[in-house]
Every structure is written in structure tokens, then in C-alpha cells.
Amino acid sequence: MNVRYRIELSQDERDQLSGLLSGGRHAARKLKRAQILLAAAAGMGDEQIAACVGVGGSTVYRTKRRFVLDSLDAALQEETRPGAERKLSGEEEALLVATGLLEPARGPGTLDARVAGRRDG
């Protein structure tokens with residue numbers, strides 16, 4: 001993390017970030033990113049920003065980097081996260097849901113019969 005990104009906000013960007021922080025319901029991560037950008041534009045150092053906002057230094061670095069390299073919206077939004085491949089296809093998932101909605105099998109030897117036998121005895 002030797003590269004230091006310098007944050008310079010236009011008045012429109014400042015107004016947008018201030019408006020975001022002043023009201024409405026937003027994700028906590030988005031609000032913290034807005035605080036990071038405003039603090040960086042005010043000239044605070046990365047360590048000081050991290051301590052004030054309550055995030056790690058890498059979060060400050062990544063937020064500033066996304067702002068400089070992409071845009072304000074990119075810096076405020078979640079990055080896509082790699083995930084595991086789907087284990088079931090759409091058809092398999094539908095079958096699983098459908099079978100879960102059916103009544104369970106009843107009769108001798110099933111769990112329902114054993115539970116009912118304990119209640120009777």
C-alpha cells in the first residue's frame with residue numbers, strides 16, 4: 001500500500017456525501033465510505049481516518065482507490081464478491097422445494113409413527 005491516493009471532491013460531490021450522511025436510511029458500509037471520503041478530502045491521514053470512522057486501514061485505502069480510479073458511485077457501492085458455484089441447477093432446486101412442501105410419508109416405520117407411539121404409551 002505504498003501508493004497514496006489524494007481525494008479532491010467537487011462541491012456537488014461534497015453535497016451528495018453530506019446529504020447521504022444527514023438523513024435517510026442507508027447501509028452502514030455506505031455511510032462509512034462517505035465519511036472516509038469526506039475526511040480524506042479534509043486532509044486527514046489514513047490511520048486517523050480509520051480510527052475515527054472505526055474501520056481498518058485497508059478499507060480506507062480501497063475506498064480512496066476506487067474513488068480516484070473509478071467514480072464516487074463506485075467508491076460508495078459494494079464490490080462484487082466471488083462466491084461458490086451453485087450446487088443445484090434451477091430444476092434441481094425447484095424439485096427440492098416442491099418435495100419439501102409435500103406431506104411427509106406416514107405409516108409404520110416412519111418417524112411420525114414412532115413419535116405417535118411414544119405419546120400413546
# chains A, B, ... in the order shown; residues from 1 in each chain; ligands from 1

$ select_by_dssp --residues "chain A" --states "helix (DSSP H, G or I)" --output "compact mmCIF listing (two decimals) with C-alpha atoms, in the first residue's frame"
# COMPACT_ATOMS: atom_id res chain seq x y z
CA GLN A 11 -18.87 20.86 -4.44
CA ASP A 12 -21.52 18.58 -5.97
CA GLU A 13 -19.74 15.52 -4.59
CA ARG A 14 -19.44 17.13 -1.15
CA ASP A 15 -23.14 17.97 -1.20
CA GLN A 16 -24.04 14.44 -2.25
CA LEU A 17 -21.95 12.91 0.55
CA SER A 18 -23.25 15.35 3.16
CA GLY A 19 -26.82 14.66 2.07
CA LEU A 20 -26.19 10.95 2.34
CA LEU A 21 -24.94 11.35 5.91
CA SER A 22 -27.60 13.81 7.03
CA ALA A 28 -23.79 1.31 7.35
CA ARG A 29 -20.94 0.44 4.99
CA LYS A 30 -22.05 3.08 2.51
CA LEU A 31 -22.19 5.71 5.26
CA LYS A 32 -18.71 4.78 6.46
CA ARG A 33 -17.36 5.12 2.93
CA ALA A 34 -18.92 8.58 2.68
CA GLN A 35 -17.27 9.54 5.99
CA ILE A 36 -13.94 8.21 4.71
CA LEU A 37 -14.11 10.31 1.55
CA LEU A 38 -15.10 13.49 3.39
CA ALA A 39 -12.34 13.02 5.97
CA ALA A 40 -9.76 12.32 3.25
CA ALA A 41 -10.81 15.44 1.37
CA ASP A 46 -5.35 7.16 6.56
CA GLU A 47 -4.62 5.95 10.10
CA GLN A 48 -6.52 8.85 11.62
CA ILE A 49 -9.49 8.25 9.31
CA ALA A 50 -9.51 4.54 10.15
CA ALA A 51 -9.56 5.31 13.89
CA CYS A 52 -12.27 7.99 13.62
CA VAL A 53 -14.61 6.03 11.34
CA GLY A 57 -6.68 0.90 7.11
CA SER A 58 -7.27 -1.34 4.09
CA THR A 59 -10.90 -0.16 3.91
CA VAL A 60 -9.72 3.46 3.80
CA TYR A 61 -7.18 2.60 1.11
CA ARG A 62 -9.66 0.66 -1.06
CA THR A 63 -12.34 3.35 -0.78
CA LYS A 64 -9.92 6.10 -1.79
CA ARG A 65 -8.52 3.98 -4.63
CA ARG A 66 -11.99 3.26 -6.06
CA PHE A 67 -12.87 6.95 -5.91
CA VAL A 68 -9.72 8.03 -7.73
CA LEU A 69 -9.69 5.25 -10.31
CA LEU A 72 -17.89 8.46 -6.45
CA ASP A 73 -20.63 5.90 -7.04
CA ALA A 74 -18.08 3.09 -7.38
CA ALA A 75 -16.43 4.13 -4.12
CA LEU A 76 -19.76 4.07 -2.25
CA GLY A 90 -32.70 -24.38 -11.25
CA GLU A 91 -34.61 -27.59 -11.93
CA GLU A 92 -32.95 -29.40 -9.04
CA GLU A 93 -33.71 -26.52 -6.69
CA ALA A 94 -37.35 -26.45 -7.81
CA LEU A 95 -37.62 -30.21 -7.20
CA LEU A 96 -36.14 -29.81 -3.73
CA VAL A 97 -38.57 -27.03 -2.87
CA ALA A 98 -41.51 -28.98 -4.28
CA THR A 99 -40.67 -32.12 -2.32
CA GLY A 100 -40.22 -30.08 0.83
CA LEU A 101 -43.76 -28.77 0.50
CA LEU A 111 -40.64 -41.17 12.27
CA ASP A 112 -44.23 -39.94 12.68
CA ALA A 113 -45.36 -43.44 13.74
CA ARG A 114 -42.56 -43.76 16.30
CA VAL A 115 -43.27 -40.32 17.79
CA ALA A 116 -47.00 -41.08 17.97
CA GLY A 117 -46.23 -44.42 19.70
CA ARG A 118 -44.26 -42.62 22.43
CA ARG A 119 -47.12 -40.22 23.08
CA ASP A 120 -49.62 -43.09 23.39

$ atom_distance --atom1 "atom CA of A:Ser71" --atom2 "atom CA of A:Arg6"
13.4 Å

$ closest_residue --among "A:Gly56, A:Arg4, A:Gly43, A:Gln77" --to "A:His26" --atoms "only C-alpha atoms"
A:Gln77
